[in-house]
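J.: Structure file structure_33.cif, mmCIF, C-alpha atoms, is pasted below:
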data_input
#
loop_
_atom_site.label_atom_id
_atom_site.label_comp_id
_atom_site.auth_asym_id
_atom_site.auth_seq_id
_atom_site.Cartn_x
_atom_site.Cartn_y
_atom_site.Cartn_z
CA MET X 27 0.00 0.00 0.00
CA SER X 28 1.65 3.23 -1.04
CA THR X 29 0.78 6.21 1.10
CA THR X 30 2.45 9.57 1.38
CA VAL X 31 6.07 8.76 2.16
CA THR X 32 7.64 10.76 4.96
CA PRO X 33 11.41 11.00 5.49
CA ASP X 34 10.81 10.61 9.22
CA ALA X 35 10.24 7.07 10.49
CA THR X 36 8.37 8.35 13.56
CA ILE X 37 5.47 9.83 11.57
CA GLN X 38 4.71 7.29 8.84
CA ASP X 39 1.33 7.89 7.25
CA THR X 40 -1.44 5.32 7.22
CA PRO X 41 -3.50 4.51 4.13
CA LEU X 42 -6.89 6.10 3.53
CA VAL X 43 -9.51 3.56 4.58
CA VAL X 44 -13.22 4.16 3.90
CA GLY X 45 -15.82 1.57 4.80
CA GLY X 46 -13.16 -1.10 5.24
CA GLN X 47 -11.64 -0.43 1.81
CA ALA X 48 -8.06 0.86 1.64
CA PHE X 49 -7.10 3.29 -1.11
CA ARG X 50 -3.67 4.20 -2.44
CA SER X 51 -4.26 7.87 -3.10
CA ARG X 52 -5.83 10.61 -0.99
CA LEU X 53 -6.80 12.37 -4.20
CA LEU X 54 -10.11 11.21 -5.69
CA VAL X 55 -11.13 12.54 -9.07
CA GLY X 56 -14.24 12.96 -11.17
CA THR X 57 -14.65 11.95 -14.79
CA GLY X 58 -17.00 14.72 -15.96
CA LYS X 59 -16.54 17.76 -18.21
CA TYR X 60 -13.46 16.56 -20.11
CA ARG X 61 -13.12 17.64 -23.72
CA SER X 62 -12.42 14.05 -24.77
CA ASN X 63 -12.11 10.60 -23.26
CA ALA X 64 -8.41 10.50 -24.09
CA GLU X 65 -7.90 13.75 -22.16
CA MET X 66 -9.86 12.33 -19.23
CA LEU X 67 -7.79 9.17 -19.09
CA ALA X 68 -4.50 11.08 -19.34
CA ALA X 69 -5.57 13.38 -16.49
CA ILE X 70 -6.78 10.58 -14.24
CA THR X 71 -3.56 8.69 -14.82
CA ALA X 72 -1.47 11.78 -14.00
CA SER X 73 -3.51 12.38 -10.83
CA GLY X 74 -2.51 8.99 -9.41
CA ALA X 75 -6.07 8.56 -8.12
CA ASP X 76 -7.48 5.10 -7.71
CA VAL X 77 -11.00 6.29 -6.90
CA VAL X 78 -12.87 7.87 -9.79
CA THR X 79 -16.43 9.12 -9.62
CA VAL X 80 -19.07 8.42 -12.23
CA ALA X 81 -22.69 9.48 -12.68
CA VAL X 82 -25.77 7.40 -13.50
CA ARG X 83 -27.68 8.53 -16.58
CA ARG X 84 -29.97 7.17 -19.27
CA VAL X 85 -28.36 5.27 -22.12
CA ASP X 86 -28.67 7.32 -25.30
CA LEU X 87 -30.57 4.91 -27.51
CA ASP X 88 -29.92 6.95 -30.62
CA ARG X 89 -26.17 6.86 -29.99
CA ARG X 90 -25.71 10.50 -30.83
CA LYS X 91 -23.62 11.06 -27.72
CA GLU X 92 -20.60 9.30 -26.25
CA GLU X 93 -21.05 5.81 -25.01
CA GLY X 94 -20.80 4.98 -21.32
CA VAL X 95 -17.66 5.83 -19.41
CA LEU X 96 -16.92 2.14 -18.86
CA TYR X 97 -15.85 1.87 -22.49
CA HIS X 98 -12.99 4.20 -21.60
CA LEU X 99 -12.16 3.37 -17.97
CA ASP X 100 -10.95 -0.06 -16.92
CA PRO X 101 -12.97 -1.01 -13.81
CA LYS X 102 -10.15 -3.34 -12.76
CA ARG X 103 -7.73 -0.43 -12.67
CA PHE X 104 -9.97 2.14 -10.97
CA PHE X 105 -12.39 2.00 -8.08
CA LEU X 106 -15.65 3.33 -9.48
CA LEU X 107 -17.47 5.57 -7.04
CA ALA X 108 -20.96 6.30 -8.37
CA ASN X 109 -22.62 9.55 -7.40
CA THR X 110 -26.21 10.71 -7.15
CA ALA X 111 -25.46 14.05 -8.78
CA GLY X 112 -28.53 15.78 -10.13
CA CYS X 113 -30.84 14.33 -7.48
CA TYR X 114 -32.95 16.87 -5.61
CA THR X 115 -34.84 14.63 -3.20
CA ALA X 116 -33.91 11.81 -0.83
CA ASP X 117 -36.13 9.40 -2.78
CA GLU X 118 -34.49 10.25 -6.08
CA ALA X 119 -30.99 9.87 -4.59
CA ILE X 120 -31.94 6.52 -3.05
CA ARG X 121 -33.24 5.33 -6.42
CA TYR X 122 -30.02 6.36 -8.18
CA ALA X 123 -27.89 4.72 -5.49
CA ARG X 124 -29.74 1.44 -5.96
CA LEU X 125 -29.34 1.67 -9.75
CA ALA X 126 -25.62 2.35 -9.32
CA ARG X 127 -25.18 -0.65 -7.05
CA GLU X 128 -26.82 -2.89 -9.67
CA ALA X 129 -24.01 -2.04 -12.05
CA GLY X 130 -22.21 -4.56 -9.91
CA PHE X 131 -18.95 -2.92 -8.87
CA ASN X 132 -19.24 -2.05 -5.19
CA GLU X 133 -21.52 -0.85 -2.40
CA PHE X 134 -20.07 2.66 -2.28
CA ILE X 135 -22.11 5.71 -3.17
CA LYS X 136 -21.14 9.35 -3.23
CA LEU X 137 -24.43 10.66 -1.98
CA GLU X 138 -25.57 14.06 -3.18
CA VAL X 139 -28.98 15.53 -2.51
CA ILE X 140 -28.94 18.98 -4.05
CA GLY X 141 -31.08 21.72 -2.56
CA ASP X 142 -30.68 24.62 -4.95
CA ARG X 143 -29.99 24.88 -8.67
CA GLU X 144 -27.96 28.07 -8.53
CA THR X 145 -25.50 27.14 -5.77
CA LEU X 146 -25.82 23.33 -5.88
CA LEU X 147 -25.61 23.46 -2.10
CA PRO X 148 -26.78 20.26 -0.41
CA ASP X 149 -30.27 19.69 0.97
CA THR X 150 -29.01 18.39 4.29
CA ASP X 151 -32.44 17.26 5.44
CA GLY X 152 -32.84 15.00 2.39
CA LEU X 153 -29.20 13.96 2.69
CA LEU X 154 -29.65 12.77 6.25
CA THR X 155 -32.78 10.80 5.34
CA ALA X 156 -31.11 9.16 2.34
CA THR X 157 -27.96 8.38 4.35
CA ARG X 158 -30.01 6.59 6.99
CA VAL X 159 -31.93 4.50 4.43
CA LEU X 160 -28.89 3.59 2.33
CA ALA X 161 -26.65 2.76 5.30
CA ARG X 162 -29.34 0.35 6.50
CA GLU X 163 -29.34 -1.26 3.05
CA GLY X 164 -25.61 -1.94 3.35
CA PHE X 165 -24.30 0.95 1.27
CA GLN X 166 -21.03 2.63 2.18
CA VAL X 167 -22.33 6.17 2.05
CA MET X 168 -19.90 9.00 1.34
CA ALA X 169 -22.08 12.01 2.01
CA TYR X 170 -21.50 15.30 0.20
CA THR X 171 -22.47 18.01 2.67
CA ASN X 172 -21.77 21.60 3.59
CA ASP X 173 -19.08 22.66 6.04
CA ASP X 174 -21.37 22.43 9.06
CA LEU X 175 -20.14 20.45 12.08
CA ILE X 176 -23.56 19.56 13.44
CA MET X 177 -24.72 18.13 10.11
CA ALA X 178 -21.43 16.23 9.78
CA LEU X 179 -21.97 14.69 13.23
CA ARG X 180 -25.55 13.73 12.31
CA LEU X 181 -24.42 12.11 9.09
CA GLU X 182 -21.84 10.08 11.00
CA GLU X 183 -24.52 9.05 13.47
CA ALA X 184 -26.83 8.11 10.57
CA GLY X 185 -24.24 5.61 9.37
CA ALA X 186 -22.18 7.49 6.77
CA ALA X 187 -18.89 5.73 5.98
CA ALA X 188 -17.30 9.09 5.19
CA VAL X 189 -18.42 12.70 5.39
CA MET X 190 -17.50 14.99 2.52
CA PRO X 191 -17.87 18.68 3.30
CA LEU X 192 -17.40 21.18 0.50
CA ALA X 193 -14.51 23.63 0.32
CA SER X 194 -16.82 25.92 -1.71
CA PRO X 195 -19.69 25.31 -4.17
CA ILE X 196 -19.38 22.60 -6.83
CA GLY X 197 -17.51 23.80 -9.89
CA SER X 198 -16.85 27.24 -8.39
CA GLY X 199 -13.08 26.96 -8.00
CA LEU X 200 -13.26 29.38 -5.07
CA GLY X 201 -10.99 27.23 -2.91
CA LEU X 202 -11.27 26.53 0.80
CA LEU X 203 -13.60 29.21 2.19
CA ASN X 204 -13.70 28.07 5.79
CA PRO X 205 -10.60 26.24 6.98
CA TYR X 206 -11.78 26.48 10.58
CA SER X 207 -15.01 24.56 9.84
CA ILE X 208 -13.20 21.85 7.93
CA ARG X 209 -10.59 21.48 10.69
CA THR X 210 -13.30 21.26 13.33
CA ILE X 211 -15.26 18.64 11.38
CA LYS X 212 -12.10 16.58 10.97
CA ARG X 213 -11.25 16.86 14.64
CA ARG X 214 -14.71 15.81 15.83
CA LEU X 215 -15.59 12.93 13.49
CA ARG X 216 -14.41 9.36 13.75
CA VAL X 217 -15.21 8.46 10.14
CA PRO X 218 -12.95 9.78 7.37
CA VAL X 219 -13.50 13.38 6.27
CA LEU X 220 -12.84 14.10 2.61
CA VAL X 221 -13.30 17.55 1.16
CA ASP X 222 -15.46 17.43 -1.96
CA ALA X 223 -15.86 20.34 -4.36
CA GLY X 224 -14.58 23.88 -4.67
CA VAL X 225 -10.87 23.41 -5.17
CA GLY X 226 -9.64 25.59 -8.04
CA THR X 227 -5.91 25.10 -8.23
CA ALA X 228 -3.04 23.25 -6.55
CA SER X 229 -2.58 25.70 -3.66
CA ASP X 230 -6.25 25.19 -2.70
CA ALA X 231 -5.69 21.43 -2.54
CA CYS X 232 -2.54 21.89 -0.48
CA VAL X 233 -4.16 24.23 2.05
CA THR X 234 -7.14 21.88 2.31
CA MET X 235 -4.93 18.87 3.05
CA GLU X 236 -3.01 20.94 5.63
CA GLN X 237 -6.22 21.04 7.68
CA GLY X 238 -5.70 17.34 8.33
CA VAL X 239 -8.56 15.95 6.25
CA ASP X 240 -8.26 12.42 4.93
CA GLY X 241 -8.55 13.28 1.26
CA ILE X 242 -9.97 15.50 -1.47
CA LEU X 243 -12.34 14.80 -4.32
CA MET X 244 -12.21 17.13 -7.29
CA ASN X 245 -13.31 17.27 -10.90
CA THR X 246 -13.68 20.71 -12.45
CA ALA X 247 -10.31 22.06 -11.25
CA ILE X 248 -8.63 19.39 -13.38
CA ALA X 249 -11.11 19.01 -16.24
CA GLU X 250 -11.42 22.75 -16.93
CA ALA X 251 -7.72 23.51 -16.67
CA ALA X 252 -6.18 24.49 -20.00
CA HIS X 253 -3.98 21.39 -19.67
CA PRO X 254 -5.84 18.84 -17.51
CA ALA X 255 -3.11 16.19 -17.21
CA THR X 256 -0.61 18.81 -16.08
CA MET X 257 -3.06 20.21 -13.53
CA ALA X 258 -3.75 16.64 -12.38
CA ALA X 259 -0.04 16.14 -11.74
CA ALA X 260 0.04 19.46 -9.84
CA MET X 261 -2.89 18.31 -7.72
CA ARG X 262 -1.16 15.04 -6.96
CA HIS X 263 1.90 16.90 -5.68
CA ALA X 264 -0.26 19.44 -3.82
CA VAL X 265 -2.22 16.74 -2.00
CA ASP X 266 1.02 15.01 -1.07
CA ALA X 267 2.62 18.27 0.05
CA GLY X 268 -0.40 19.27 2.12
CA ARG X 269 -0.54 15.85 3.74
CA LEU X 270 3.18 15.97 4.57
CA ALA X 271 2.87 19.48 5.98
CA TYR X 272 -0.03 18.34 8.15
CA LEU X 273 1.92 15.33 9.39
CA ALA X 274 5.00 17.48 9.96
CA GLY X 275 3.10 19.86 12.25
CA ARG X 276 3.40 23.50 11.28
CA MET X 277 5.12 26.19 13.36
CA PRO X 278 2.92 28.47 15.44
CA ARG X 279 1.61 31.69 13.93
CA ARG X 280 3.01 34.80 15.62
CA GLU X 281 2.10 38.44 15.33
CA VAL X 282 5.73 39.45 15.81
CA ALA X 283 8.94 38.66 13.99
CA VAL X 284 11.44 36.26 15.52
CA PRO X 285 14.92 36.40 13.98
CA SER X 286 16.25 33.26 12.35
CA SER X 287 19.89 34.27 12.82
CA PRO X 288 21.69 34.66 16.17
CA THR X 289 21.06 38.02 17.84
CA THR X 290 24.43 37.87 19.60
CA GLY X 291 27.94 37.80 18.20
CA MET X 292 27.49 40.73 15.87
CA ALA X 293 30.78 42.36 14.85
CA GLY X 294 31.44 45.48 16.89
CA MET B 12 -46.21 -10.50 -35.59
CA SER B 13 -47.66 -8.48 -32.71
CA GLN B 14 -45.73 -5.77 -30.99
CA VAL B 15 -45.24 -4.74 -27.36
CA ARG B 16 -45.52 -0.99 -26.91
CA LEU B 17 -43.14 0.37 -24.29
CA LEU B 18 -41.89 3.68 -22.97
CA VAL B 19 -38.10 3.30 -23.05
CA ASN B 20 -36.06 6.14 -21.54
CA GLY B 21 -39.01 8.42 -22.07
CA ASP B 22 -39.63 7.55 -25.73
CA PRO B 23 -42.31 5.24 -27.14
CA ARG B 24 -40.81 2.11 -28.71
CA SER B 25 -42.29 -1.10 -30.03
CA VAL B 26 -40.56 -4.46 -30.01
CA PRO B 27 -41.76 -7.83 -31.39
CA ALA B 28 -43.87 -9.76 -28.87
CA PRO B 29 -43.25 -11.58 -26.68
CA ALA B 30 -40.18 -9.71 -25.44
CA THR B 31 -38.12 -10.36 -22.36
CA VAL B 32 -35.76 -7.74 -20.92
CA ALA B 33 -32.87 -9.65 -22.50
CA GLU B 34 -34.60 -9.50 -25.90
CA LEU B 35 -35.22 -5.77 -25.56
CA LEU B 36 -31.53 -5.15 -24.85
CA ALA B 37 -30.54 -7.31 -27.82
CA HIS B 38 -33.06 -5.49 -30.01
CA LEU B 39 -31.49 -2.16 -29.01
CA GLY B 40 -27.97 -3.50 -29.48
CA LEU B 41 -27.01 -2.99 -25.83
CA ASP B 42 -24.52 -5.03 -23.81
CA ALA B 43 -26.37 -6.26 -20.70
CA ARG B 44 -23.17 -6.00 -18.64
CA MET B 45 -23.04 -2.26 -19.28
CA VAL B 46 -26.67 -1.41 -18.52
CA VAL B 47 -28.90 -1.38 -15.46
CA VAL B 48 -32.57 -1.99 -16.17
CA GLU B 49 -35.61 -0.70 -14.34
CA VAL B 50 -39.13 -1.76 -15.36
CA ASN B 51 -41.96 0.24 -13.82
CA ARG B 52 -39.50 1.55 -11.21
CA GLU B 53 -38.36 -1.94 -10.21
CA ILE B 54 -34.75 -2.90 -10.84
CA ILE B 55 -34.45 -6.09 -12.89
CA ARG B 56 -31.22 -7.77 -11.92
CA ARG B 57 -29.15 -9.37 -14.67
CA PRO B 58 -29.97 -13.00 -13.79
CA ARG B 59 -33.66 -12.16 -14.33
CA HIS B 60 -33.30 -10.48 -17.73
CA GLN B 61 -34.43 -13.65 -19.52
CA GLU B 62 -37.29 -14.35 -17.13
CA VAL B 63 -39.03 -10.99 -17.10
CA THR B 64 -41.44 -10.50 -20.00
CA LEU B 65 -42.38 -6.96 -20.93
CA ARG B 66 -46.01 -5.98 -21.28
CA ASP B 67 -47.81 -3.29 -23.21
CA GLY B 68 -47.45 0.05 -21.47
CA ASP B 69 -44.41 -0.89 -19.38
CA THR B 70 -42.05 1.95 -18.54
CA VAL B 71 -38.43 0.92 -18.98
CA GLU B 72 -35.38 2.87 -17.86
CA LEU B 73 -31.96 1.84 -19.17
CA VAL B 74 -29.10 3.57 -17.37
CA HIS B 75 -25.34 3.34 -17.31
CA PHE B 76 -22.31 5.16 -15.92
CA VAL B 77 -21.24 8.37 -17.58
CA GLY B 78 -18.57 10.90 -16.70
CA GLY B 79 -19.39 12.81 -13.53
CA GLY B 80 -17.89 14.43 -10.47
#
Mind turning the file's structure into structure tokens?
T.:
Amino acid sequence: MSTTVTPDATIQDTPLVVGGQAFRSRLLVGTGKYRSNAEMLAAITASGADVVTVAVRRVDLDRRKEEGVLYHLDPKRFFLLANTAGCYTADEAIRYARLAREAGFNEFIKLEVIGDRETLLPDTDGLLTATRVLAREGFQVMAYTNDDLIMALRLEEAGAAAVMPLASPIGSGLGLLNPYSIRTIKRRLRVPVLVDAGVGTASDACVTMEQGVDGILMNTAIAEAAHPATMAAAMRHAVDAGRLAYLAGRMPRREVAVPSSPTTGMAG
Amino acid sequence: MSQVRLLVNGDPRSVPAPATVAELLAHLGLDARMVVVEVNREIIRRPRHQEVTLRDGDTVELVHFVGGG
């Protein structure tokens, strides 16, 4: 199992484990919005991610559009994490989760219940209901939620395998808006906390990982970069760097300067 | 030969009767391993594709995985 390698034997990292499943990378990536399938595959490969998200949609019977993503992604090489993107009620999300499970890959679902078309912010009431139902049905629910501690605690209590608070709205690229909230959620939950959505560039991913979260899921930041595979490589390094910085333990913040060079021994 | 009239992914379609789910997928040229089937909101698991016969007026949803975040 390859995890972030530290040069210090006393602080070796542990692998990311969600719902009993260990993953190699703390960076999880989406497969949407790419200009071509070849570009998607190159970016995913450069990201080093083993978990890739997919959506459930109708088959186009007239074949005017691209065929399913499985024609381009080897399910033996990647762990397919289906989402319930586009679902606006608990019932709809539950239906999509069940359809996704029938595809026959795993019991994991990235659960989204969207509450508003403009901001795509989660409907946490529906999310909690759907989490409860799906957890009882044996799903490993990875719940996309806002950066609210109380909701995160309730999702954990409802049986979520992982809680996934947003850094900022889906596809916004605004970066981590509330590091304090994310840090607090991570500190208080026992299940893994992965930040999902809002990262815009590598520094956002790095700062997010420095909060101590277990991983990051992103799509648009890579897919909408001018050069997705290059951005994917940057994200891979950023997630690693942020994880290492978190493990290393940063210096305290001070409001005053402290010299780095000796204050004595100056030539007279 | 008589036809079964269905609503498949929102569009009316007719297939030769009698038609099982497996026959519908074959008729549409779809690989059963790549598609999840719902008939009247009930998921039809792959082992049952050859057992379940479609009836006039059935609503069929055929879904698969596409790119998403």
J.: Do you know which residues are at most 12 Å from region 272-278 of chain X counting all atoms listed in the file, after dropping those on the same chain fewer than 4 positions away, and could you put them as a PDB file with C-alpha atoms, in the frame of the given file?
T.:
ATOM      1  CA  THR X  30       2.450   9.570   1.380  1.00  0.00           C
ATOM      2  CA  VAL X  31       6.070   8.760   2.160  1.00  0.00           C
ATOM      3  CA  THR X  32       7.640  10.760   4.960  1.00  0.00           C
ATOM      4  CA  PRO X  33      11.410  11.000   5.490  1.00  0.00           C
ATOM      5  CA  ASP X  34      10.810  10.610   9.220  1.00  0.00           C
ATOM      6  CA  ALA X  35      10.240   7.070  10.490  1.00  0.00           C
ATOM      7  CA  THR X  36       8.370   8.350  13.560  1.00  0.00           C
ATOM      8  CA  ILE X  37       5.470   9.830  11.570  1.00  0.00           C
ATOM      9  CA  GLN X  38       4.710   7.290   8.840  1.00  0.00           C
ATOM     10  CA  ASP X  39       1.330   7.890   7.250  1.00  0.00           C
ATOM     11  CA  THR X  40      -1.440   5.320   7.220  1.00  0.00           C
ATOM     12  CA  ARG X 209     -10.590  21.480  10.690  1.00  0.00           C
ATOM     13  CA  CYS X 232      -2.540  21.890  -0.480  1.00  0.00           C
ATOM     14  CA  VAL X 233      -4.160  24.230   2.050  1.00  0.00           C
ATOM     15  CA  THR X 234      -7.140  21.880   2.310  1.00  0.00           C
ATOM     16  CA  MET X 235      -4.930  18.870   3.050  1.00  0.00           C
ATOM     17  CA  GLU X 236      -3.010  20.940   5.630  1.00  0.00           C
ATOM     18  CA  GLN X 237      -6.220  21.040   7.680  1.00  0.00           C
ATOM     19  CA  GLY X 238      -5.700  17.340   8.330  1.00  0.00           C
ATOM     20  CA  VAL X 239      -8.560  15.950   6.250  1.00  0.00           C
ATOM     21  CA  ASP X 240      -8.260  12.420   4.930  1.00  0.00           C
ATOM     22  CA  VAL X 265      -2.220  16.740  -2.000  1.00  0.00           C
ATOM     23  CA  ASP X 266       1.020  15.010  -1.070  1.00  0.00           C
ATOM     24  CA  ALA X 267       2.620  18.270   0.050  1.00  0.00           C
ATOM     25  CA  GLY X 268      -0.400  19.270   2.120  1.00  0.00           C
ATOM     26  CA  VAL X 282       5.730  39.450  15.810  1.00  0.00           C
ATOM     27  CA  ALA X 283       8.940  38.660  13.990  1.00  0.00           C
ATOM     28  CA  VAL X 284      11.440  36.260  15.520  1.00  0.00           C
TER      29      VAL X 284
END
J.: Check every residue of chain X for an atom within 7 Å of chain B, counting only C-alpha atoms, and provide those that qualify as a count of residues only.
T.: 17
J.: For CA of Lys59 (chain X) and CA of Lys136 (chain X), quote the distance in Å rounded to one decimal.
T.: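 Atom-to-atom, CA of Lys59 (chain X) to CA of Lys136 (chain X), that is 17.8 Å.
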J.: Separation of CA of Ile196 (chain X) and CA of Asp230 (chain X), in Å?
T.: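 Calculated distance between CA of Ile196 (chain X) and CA of Asp230 (chain X) is 14.0 Å.
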J.: Please write as a PDB file with C-alpha atoms, keeping the file's coordinate frame the full residue list that the PyMOL selection byres ((chain X and resi 70) around 12) yields on this file.
T.:
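The resulting file, selection_38.pdb, is shown below:
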ATOM      1  CA  SER X  51      -4.260   7.870  -3.100  1.00  0.00           C
ATOM      2  CA  LEU X  53      -6.800  12.370  -4.200  1.00  0.00           C
ATOM      3  CA  LEU X  54     -10.110  11.210  -5.690  1.00  0.00           C
ATOM      4  CA  VAL X  55     -11.130  12.540  -9.070  1.00  0.00           C
ATOM      5  CA  GLY X  56     -14.240  12.960 -11.170  1.00  0.00           C
ATOM      6  CA  THR X  57     -14.650  11.950 -14.790  1.00  0.00           C
ATOM      7  CA  GLY X  58     -17.000  14.720 -15.960  1.00  0.00           C
ATOM      8  CA  TYR X  60     -13.460  16.560 -20.110  1.00  0.00           C
ATOM      9  CA  ASN X  63     -12.110  10.600 -23.260  1.00  0.00           C
ATOM     10  CA  ALA X  64      -8.410  10.500 -24.090  1.00  0.00           C
ATOM     11  CA  GLU X  65      -7.900  13.750 -22.160  1.00  0.00           C
ATOM     12  CA  MET X  66      -9.860  12.330 -19.230  1.00  0.00           C
ATOM     13  CA  LEU X  67      -7.790   9.170 -19.090  1.00  0.00           C
ATOM     14  CA  ALA X  68      -4.500  11.080 -19.340  1.00  0.00           C
ATOM     15  CA  ALA X  69      -5.570  13.380 -16.490  1.00  0.00           C
ATOM     16  CA  THR X  71      -3.560   8.690 -14.820  1.00  0.00           C
ATOM     17  CA  ALA X  72      -1.470  11.780 -14.000  1.00  0.00           C
ATOM     18  CA  SER X  73      -3.510  12.380 -10.830  1.00  0.00           C
ATOM     19  CA  GLY X  74      -2.510   8.990  -9.410  1.00  0.00           C
ATOM     20  CA  ALA X  75      -6.070   8.560  -8.120  1.00  0.00           C
ATOM     21  CA  ASP X  76      -7.480   5.100  -7.710  1.00  0.00           C
ATOM     22  CA  VAL X  77     -11.000   6.290  -6.900  1.00  0.00           C
ATOM     23  CA  VAL X  78     -12.870   7.870  -9.790  1.00  0.00           C
ATOM     24  CA  THR X  79     -16.430   9.120  -9.620  1.00  0.00           C
ATOM     25  CA  HIS X  98     -12.990   4.200 -21.600  1.00  0.00           C
ATOM     26  CA  LEU X  99     -12.160   3.370 -17.970  1.00  0.00           C
ATOM     27  CA  ASP X 100     -10.950  -0.060 -16.920  1.00  0.00           C
ATOM     28  CA  ARG X 103      -7.730  -0.430 -12.670  1.00  0.00           C
ATOM     29  CA  PHE X 104      -9.970   2.140 -10.970  1.00  0.00           C
ATOM     30  CA  PHE X 105     -12.390   2.000  -8.080  1.00  0.00           C
ATOM     31  CA  MET X 244     -12.210  17.130  -7.290  1.00  0.00           C
ATOM     32  CA  ASN X 245     -13.310  17.270 -10.900  1.00  0.00           C
ATOM     33  CA  ILE X 248      -8.630  19.390 -13.380  1.00  0.00           C
ATOM     34  CA  ALA X 249     -11.110  19.010 -16.240  1.00  0.00           C
ATOM     35  CA  PRO X 254      -5.840  18.840 -17.510  1.00  0.00           C
ATOM     36  CA  ALA X 255      -3.110  16.190 -17.210  1.00  0.00           C
ATOM     37  CA  THR X 256      -0.610  18.810 -16.080  1.00  0.00           C
ATOM     38  CA  MET X 257      -3.060  20.210 -13.530  1.00  0.00           C
ATOM     39  CA  ALA X 258      -3.750  16.640 -12.380  1.00  0.00           C
ATOM     40  CA  ALA X 259      -0.040  16.140 -11.740  1.00  0.00           C
ATOM     41  CA  MET X 261      -2.890  18.310  -7.720  1.00  0.00           C
ATOM     42  CA  ARG X 262      -1.160  15.040  -6.960  1.00  0.00           C
TER      43      ARG X 262
END
J.: How many Å lie between CA of Ala161 (chain X) and CA of His60 (chain B), rounded to one decimal?
T.: 27.4 Å
J.: To verify the selection step, state as a PyMOL selection string which residues the PyMOL selection byres ((chain B and resi 14-16) around 9) yields on this input.
T.: chain B and resi 12-13+17-18+23-30+65-69
J.: Mind dumping the selected residues with C-alpha atoms as a PDB file, in the frame of the given file?
T.:
ATOM      1  CA  MET B  12     -46.210 -10.500 -35.590  1.00  0.00           C
ATOM      2  CA  SER B  13     -47.660  -8.480 -32.710  1.00  0.00           C
ATOM      3  CA  LEU B  17     -43.140   0.370 -24.290  1.00  0.00           C
ATOM      4  CA  LEU B  18     -41.890   3.680 -22.970  1.00  0.00           C
ATOM      5  CA  PRO B  23     -42.310   5.240 -27.140  1.00  0.00           C
ATOM      6  CA  ARG B  24     -40.810   2.110 -28.710  1.00  0.00           C
ATOM      7  CA  SER B  25     -42.290  -1.100 -30.030  1.00  0.00           C
ATOM      8  CA  VAL B  26     -40.560  -4.460 -30.010  1.00  0.00           C
ATOM      9  CA  PRO B  27     -41.760  -7.830 -31.390  1.00  0.00           C
ATOM     10  CA  ALA B  28     -43.870  -9.760 -28.870  1.00  0.00           C
ATOM     11  CA  PRO B  29     -43.250 -11.580 -26.680  1.00  0.00           C
ATOM     12  CA  ALA B  30     -40.180  -9.710 -25.440  1.00  0.00           C
ATOM     13  CA  LEU B  65     -42.380  -6.960 -20.930  1.00  0.00           C
ATOM     14  CA  ARG B  66     -46.010  -5.980 -21.280  1.00  0.00           C
ATOM     15  CA  ASP B  67     -47.810  -3.290 -23.210  1.00  0.00           C
ATOM     16  CA  GLY B  68     -47.450   0.050 -21.470  1.00  0.00           C
ATOM     17  CA  ASP B  69     -44.410  -0.890 -19.380  1.00  0.00           C
TER      18      ASP B  69
END
J.: Skipping near chain neighbours, those fewer than 2 positions away, what residues fall within 8 Å of region 164-178 of chain X using only C-alpha atoms, listed as number ranges by chain?
T.: X: 45, 133-139, 147-148, 150, 153, 157, 160-162, 180-182, 185-193, 204, 207-208, 210-211, 215, 222
J.: Leaving out Ala33 (chain B) and any residue of its chain fewer than 4 positions from it, which residues lie within 9 Å of it when counting only C-alpha atoms, given as a ChimeraX atom specification?
T.: /B:37-38,43,57,59-64
J.: Return the single residue from X:Asp88, X:Leu146, X:Thr155, X:Ala223 that is closest to Ala184 (chain X), with distances computed using all atoms listed in the file.
T.: X:Thr155
J.: Have a look at X:Asn132, X:Thr246, X:Ser229, X:Thr110 and name the one nearest to Gly197 (chain X); count all atoms listed in the file.
T.: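 Of all the options, X:Thr246 lies closest to Gly197 (chain X).
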